[in-house]
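The data block below is final-v7.tsv; it holds TSV, C-alpha atoms.
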chain	number	residue	atom	x	y	z
A	240	MET	CA	-94.57	22.50	-17.16
A	241	ARG	CA	-96.38	19.60	-18.79
A	242	LYS	CA	-95.45	15.95	-18.34
A	243	LEU	CA	-94.61	13.93	-21.48
A	244	ILE	CA	-95.60	10.25	-21.38
A	245	TYR	CA	-94.46	7.62	-23.89
A	246	GLY	CA	-96.56	4.48	-23.78
A	247	MET	CA	-97.30	1.67	-26.20
A	248	ASN	CA	-97.90	-2.05	-26.47
A	249	VAL	CA	-94.53	-3.80	-26.67
A	250	THR	CA	-93.30	-7.37	-27.11
A	251	LEU	CA	-91.26	-9.04	-24.40
A	252	ASP	CA	-88.19	-8.61	-26.62
A	253	GLY	CA	-88.84	-4.86	-26.88
A	254	TYR	CA	-90.58	-4.24	-30.20
A	255	ILE	CA	-93.71	-2.22	-30.98
A	256	ALA	CA	-93.98	-3.83	-34.42
A	257	ALA	CA	-92.56	-7.02	-35.88
A	258	PRO	CA	-90.74	-6.96	-39.24
A	259	GLY	CA	-92.86	-5.47	-42.00
A	260	ASP	CA	-94.66	-3.22	-39.47
A	261	ASP	CA	-96.71	-6.26	-38.39
A	262	ILE	CA	-98.67	-5.49	-35.21
A	263	GLY	CA	-100.81	-8.61	-35.38
A	264	TRP	CA	-99.21	-9.87	-32.16
A	265	SER	CA	-100.75	-6.94	-30.24
A	266	ALA	CA	-104.47	-7.61	-30.70
A	267	PRO	CA	-105.67	-6.14	-27.40
A	268	SER	CA	-107.84	-7.94	-24.93
A	269	ASP	CA	-110.81	-6.10	-23.47
A	270	GLU	CA	-108.90	-5.25	-20.29
A	271	LEU	CA	-105.85	-3.96	-22.19
A	272	PHE	CA	-108.05	-1.89	-24.48
A	273	GLN	CA	-109.83	-0.49	-21.42
A	274	PHE	CA	-106.48	0.41	-19.83
A	275	TRP	CA	-105.47	2.51	-22.86
A	276	SER	CA	-108.94	4.00	-23.15
A	277	ASP	CA	-108.81	5.07	-19.51
A	278	GLN	CA	-105.61	7.03	-20.26
A	279	LEU	CA	-107.36	9.38	-22.70
A	280	PRO	CA	-109.34	11.53	-20.23
A	281	ALA	CA	-106.14	12.27	-18.30
A	282	THR	CA	-104.28	13.27	-21.46
A	283	ASP	CA	-104.44	16.92	-22.46
A	284	LEU	CA	-102.66	16.53	-25.81
A	285	SER	CA	-101.55	13.55	-27.92
A	286	LEU	CA	-98.45	13.77	-30.11
A	287	TYR	CA	-98.20	11.38	-33.07
A	288	GLY	CA	-95.54	10.47	-35.56
A	289	GLY	CA	-96.75	10.13	-39.15
A	290	LYS	CA	-96.90	6.33	-39.28
A	291	LEU	CA	-98.86	5.96	-36.04
A	292	TRP	CA	-101.16	8.80	-37.11
A	293	GLN	CA	-101.97	6.98	-40.34
A	294	THR	CA	-102.79	3.82	-38.38
A	295	MET	CA	-104.98	5.62	-35.83
A	296	SER	CA	-106.73	7.92	-38.32
A	297	SER	CA	-107.58	5.04	-40.63
A	298	TYR	CA	-109.96	3.57	-38.04
A	299	TRP	CA	-110.81	5.72	-35.00
A	300	PRO	CA	-112.64	8.62	-36.68
A	301	THR	CA	-115.50	6.20	-37.37
A	302	GLY	CA	-114.64	3.45	-34.89
A	303	ASP	CA	-117.82	4.08	-32.94
A	304	GLN	CA	-119.92	3.53	-36.08
A	305	GLN	CA	-118.53	0.08	-36.88
A	306	PRO	CA	-121.23	-2.63	-36.65
A	307	HIS	CA	-119.31	-4.82	-34.20
A	308	ALA	CA	-117.85	-2.02	-32.07
A	309	THR	CA	-117.97	-2.73	-28.36
A	310	PRO	CA	-119.13	-0.07	-25.91
A	311	ALA	CA	-115.46	0.48	-24.95
A	312	GLU	CA	-114.48	0.96	-28.60
A	313	ARG	CA	-117.32	3.43	-29.16
A	314	GLU	CA	-116.24	5.43	-26.10
A	315	PHE	CA	-112.58	5.36	-27.19
A	316	ALA	CA	-113.48	6.63	-30.67
A	317	ARG	CA	-115.50	9.53	-29.22
A	318	ARG	CA	-112.71	10.45	-26.80
A	319	TRP	CA	-110.06	10.14	-29.52
A	320	ARG	CA	-111.90	12.46	-31.93
A	321	ALA	CA	-112.50	15.06	-29.22
A	322	MET	CA	-108.98	15.20	-27.80
A	323	ALA	CA	-106.40	17.68	-29.07
A	324	LYS	CA	-103.71	16.06	-31.23
A	325	VAL	CA	-100.51	17.15	-32.95
A	326	VAL	CA	-99.04	15.16	-35.84
A	327	PHE	CA	-95.36	15.53	-36.70
A	328	SER	CA	-94.70	14.61	-40.32
A	329	SER	CA	-92.99	15.87	-43.44
A	330	THR	CA	-95.01	13.57	-45.71
A	331	ILE	CA	-98.59	14.13	-44.52
A	332	ASP	CA	-100.23	17.28	-45.85
A	333	LYS	CA	-103.65	17.25	-44.16
A	334	VAL	CA	-105.03	16.21	-40.76
A	335	ASP	CA	-108.52	16.28	-39.25
A	336	TRP	CA	-110.36	15.49	-36.01
A	337	ASN	CA	-109.09	18.24	-33.70
A	338	THR	CA	-105.52	17.85	-34.97
A	339	ARG	CA	-102.71	20.23	-35.90
A	340	LEU	CA	-99.88	19.31	-38.29
A	341	VAL	CA	-96.23	20.22	-37.59
A	342	THR	CA	-93.74	19.78	-40.42
A	343	GLY	CA	-90.77	21.50	-38.80
A	344	ASP	CA	-88.40	20.63	-35.95
A	345	ALA	CA	-90.25	18.13	-33.74
A	346	VAL	CA	-87.91	18.42	-30.75
A	347	ALA	CA	-88.20	22.22	-30.70
A	348	GLU	CA	-92.00	22.05	-30.89
A	349	ILE	CA	-92.26	19.36	-28.20
A	350	THR	CA	-89.96	21.42	-25.97
A	351	ARG	CA	-92.19	24.45	-26.51
A	352	LEU	CA	-95.36	22.43	-25.77
A	353	LYS	CA	-93.84	20.99	-22.59
A	354	ALA	CA	-93.08	24.50	-21.33
A	355	GLU	CA	-96.74	25.52	-21.63
A	356	ASP	CA	-99.24	25.24	-18.82
A	357	GLY	CA	-101.57	22.29	-19.17
A	358	GLY	CA	-102.11	18.65	-18.47
A	359	PRO	CA	-100.01	15.66	-19.49
A	360	MET	CA	-99.10	14.97	-23.10
A	361	ALA	CA	-98.85	11.49	-24.59
A	362	ILE	CA	-96.38	10.73	-27.36
A	363	GLY	CA	-96.58	7.79	-29.74
A	364	GLY	CA	-94.65	6.49	-32.68
A	365	ALA	CA	-91.14	5.08	-32.46
A	366	THR	CA	-89.34	7.73	-34.53
A	367	LEU	CA	-91.00	10.70	-32.85
A	368	ALA	CA	-90.67	9.24	-29.35
A	369	GLY	CA	-87.05	8.30	-30.09
A	370	ALA	CA	-86.22	11.93	-30.93
A	371	ALA	CA	-87.92	13.09	-27.72
A	372	MET	CA	-86.11	10.37	-25.75
A	373	ARG	CA	-82.68	11.40	-27.07
A	374	ALA	CA	-83.49	15.02	-26.21
A	375	GLY	CA	-84.35	14.04	-22.61
A	376	LEU	CA	-87.98	15.15	-22.93
A	377	ILE	CA	-89.78	11.96	-21.81
A	378	ASP	CA	-90.96	12.12	-18.18
A	379	GLU	CA	-92.75	8.78	-17.99
A	380	TYR	CA	-92.70	5.45	-19.82
A	381	VAL	CA	-95.71	3.12	-19.88
A	382	LEU	CA	-95.15	-0.35	-21.30
A	383	ALA	CA	-97.88	-2.89	-21.92
A	384	THR	CA	-95.60	-5.89	-22.38
A	385	ALA	CA	-97.17	-8.81	-24.24
A	386	PRO	CA	-95.94	-12.35	-23.63
A	387	VAL	CA	-94.65	-12.77	-27.18
A	388	LEU	CA	-91.24	-12.70	-28.86
A	389	VAL	CA	-91.07	-11.44	-32.45
A	390	GLY	CA	-87.29	-11.42	-32.94
A	391	GLY	CA	-86.98	-8.03	-34.63
A	392	GLY	CA	-88.84	-5.05	-36.02
A	393	THR	CA	-89.40	-1.56	-34.67
A	394	PRO	CA	-87.94	-1.16	-31.17
A	395	PHE	CA	-89.78	0.66	-28.38
A	396	PHE	CA	-86.55	2.25	-27.18
A	397	THR	CA	-84.12	4.14	-29.38
A	398	VAL	CA	-80.34	4.19	-29.27
A	399	LEU	CA	-79.38	6.72	-26.60
A	400	ASP	CA	-76.31	8.88	-26.12
A	401	SER	CA	-76.38	8.36	-22.35
A	402	TRP	CA	-78.22	6.37	-19.71
A	403	VAL	CA	-81.67	7.34	-18.52
A	404	ASN	CA	-82.31	6.33	-14.92
A	405	LEU	CA	-85.88	5.47	-14.06
A	406	ASN	CA	-88.03	4.89	-10.98
A	407	LEU	CA	-90.59	2.10	-11.10
A	408	VAL	CA	-93.97	3.62	-10.25
A	409	GLU	CA	-96.44	0.84	-11.00
A	410	THR	CA	-96.69	-2.78	-12.09
A	411	ARG	CA	-99.86	-4.68	-12.82
A	412	THR	CA	-100.58	-7.95	-14.58
A	413	LEU	CA	-103.73	-8.19	-16.65
A	414	PRO	CA	-105.67	-11.48	-16.90
A	415	CYS	CA	-104.56	-11.77	-20.56
A	416	GLY	CA	-100.93	-12.04	-19.42
A	417	VAL	CA	-99.89	-8.50	-20.36
A	418	LEU	CA	-97.61	-6.86	-17.81
A	419	LEU	CA	-98.22	-3.14	-17.35
A	420	THR	CA	-95.24	-1.18	-16.05
A	421	ARG	CA	-94.89	2.53	-15.52
A	422	TYR	CA	-91.59	4.31	-14.91
A	423	GLU	CA	-90.75	7.94	-14.18
A	424	THR	CA	-87.54	9.51	-15.40
A	425	ARG	CA	-85.19	10.35	-12.53
A	426	ARG	CA	-84.11	13.98	-12.94
Serialized structure, structure tokens:
Amino acid sequence: MRKLIYGMNVTLDGYIAAPGDDIGWSAPSDELFQFWSDQLPATDLSLYGGKLWQTMSSYWPTGDQQPHATPAEREFARRWRAMAKVVFSSTIDKVDWNTRLVTGDAVAEITRLKAEDGGPMAIGGATLAGAAMRAGLIDEYVLATAPVLVGGGTPFFTVLDSWVNLNLVETRTLPCGVLLTRYETRR
């Protein structure tokens, strides 16, 4: 059975985007960018909600060809294009770059994918991850908590029907002030 990991940049008050889908607060430092880039080789499959897919696919397919791209950004773009991806959306009609589109029941498909043999899967996007969270499918949470308060927006965590108990697995503070925490779901 595959492990499902939900990880994103998050504000100290728990949001992945400020009001108006503003993610300007999350401009990553080199070390934070490297942390996320280092996660890609260990990820067998990435699952995206439609909004996050649109953000990622608007830049990373050609991110390595941008004139001011750093070596880390060029490597991330190459890894991102090559990795297998699934997009869950009822509004997107076409995907590229080693990606499959699912328009049906996301929870049923994620459950099916988890039951397959293979390496870890990463899930991103608040709505998609929230559905997986409520269904009890998330095995690990990775938070890159930025020292900023935005006061509202899109929360990292969804409203749950019952508690989810976690075990702290790792904490690390980056020089930029971001606190990395990793938790495993207690089963």
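Considering the residues A:Glu312, A:Asp303, A:Asp283, A:Asp400 and counting all atoms listed in the file, A:Leu271 has its shortest atom-to-atom contact with A:Glu312.
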A:Thr342: which residues within 7 Å, counting all atoms listed in the file, same-chain residues fewer than 5 positions away excluded, as a PDB file with C-alpha atoms, in the frame of the given file?
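Full text of out-v5.pdb as output:
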ATOM      1  CA  PHE A 327     -95.360  15.530 -36.700  1.00  0.00           C
ATOM      2  CA  SER A 328     -94.700  14.610 -40.320  1.00  0.00           C
ATOM      3  CA  SER A 329     -92.990  15.870 -43.440  1.00  0.00           C
TER       4      SER A 329
END
Excluding stretch 244-260 of chain A and its own-chain neighbours fewer than 2 positions away, which residues fall within 10 Å of it when counting only C-alpha atoms? Please give them as a count of residues only.
53
If you measure from atom CA of A:Gly288 to atom CA of A:Phe272, what distance in Å do you get, rounded to one decimal?
20.8 Å
To one decimal place in Å, what is the distance between atom CA of A:Thr366 and atom CA of A:Arg411?
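That distance, rounded to one decimal, is 27.1 Å.
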What does the distance between atom CA of A:Met322 and atom CA of A:Trp299 come to in Å, to one decimal place?
12.0 Å
Can you tell me which residues surround A:Val341 at a distance of at most 9 Å, considering all atoms listed in the file, apart from same-chain residues fewer than 2 positions away, and format the answer as a ChimeraX atom specification?
/A:325-329,339,343-345,348
Can I get the selected residues back with C-alpha atoms, as a PDB file, keeping the file's coordinate frame?
ATOM      1  CA  VAL A 325    -100.510  17.150 -32.950  1.00  0.00           C
ATOM      2  CA  VAL A 326     -99.040  15.160 -35.840  1.00  0.00           C
ATOM      3  CA  PHE A 327     -95.360  15.530 -36.700  1.00  0.00           C
ATOM      4  CA  SER A 328     -94.700  14.610 -40.320  1.00  0.00           C
ATOM      5  CA  SER A 329     -92.990  15.870 -43.440  1.00  0.00           C
ATOM      6  CA  ARG A 339    -102.710  20.230 -35.900  1.00  0.00           C
ATOM      7  CA  GLY A 343     -90.770  21.500 -38.800  1.00  0.00           C
ATOM      8  CA  ASP A 344     -88.400  20.630 -35.950  1.00  0.00           C
ATOM      9  CA  ALA A 345     -90.250  18.130 -33.740  1.00  0.00           C
ATOM     10  CA  GLU A 348     -92.000  22.050 -30.890  1.00  0.00           C
TER      11      GLU A 348
END
Close residues, A:Val403 itself excluded, 10 Å, all atoms listed in the file, min 6 positions apart in chain, as a ChimeraX atom specification:
/A:372-373,375,377,424-426
Counting all atoms listed in the file, find the residues whose atoms lie at most 12 Å from (-112.9, 14.3, -42.6) (file coordinates) and write them out as a VMD selection string.
chain A and resid 296 to 297 299 to 301 320 333 to 338
Smallest atom-to-atom distance to A:Leu340: which of A:Gln278, A:Asn404, A:Ala323, A:Pro306, using only C-alpha atoms?
A:Ala323
Which of these residues is nearest to A:Thr412, using only C-alpha atoms: A:Glu270, A:Asp261, A:Gln305, A:Asp277?
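Of A:Glu270, A:Asp261, A:Gln305, A:Asp277, the one nearest A:Thr412 is A:Glu270, counting only C-alpha atoms.
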Rank A:Ile331, A:Ala374, A:Val408, A:Leu243 by their smallest atom-to-atom distance to A:Leu284, using all atoms listed in the file, and report the top residue only.
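Under the stated criterion, the closest residue is A:Leu243.
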Could you write out as AutoDock Vina command-line options the box around stretch 360-363 of chain A (axis-aligned, all atoms listed in the file, 4 Å on each side), with centre and edge lengths in Å to one decimal?
--center_x -97.7 --center_y 11.4 --center_z -26.4 --size_x 10.7 --size_y 15.2 --size_z 14.6
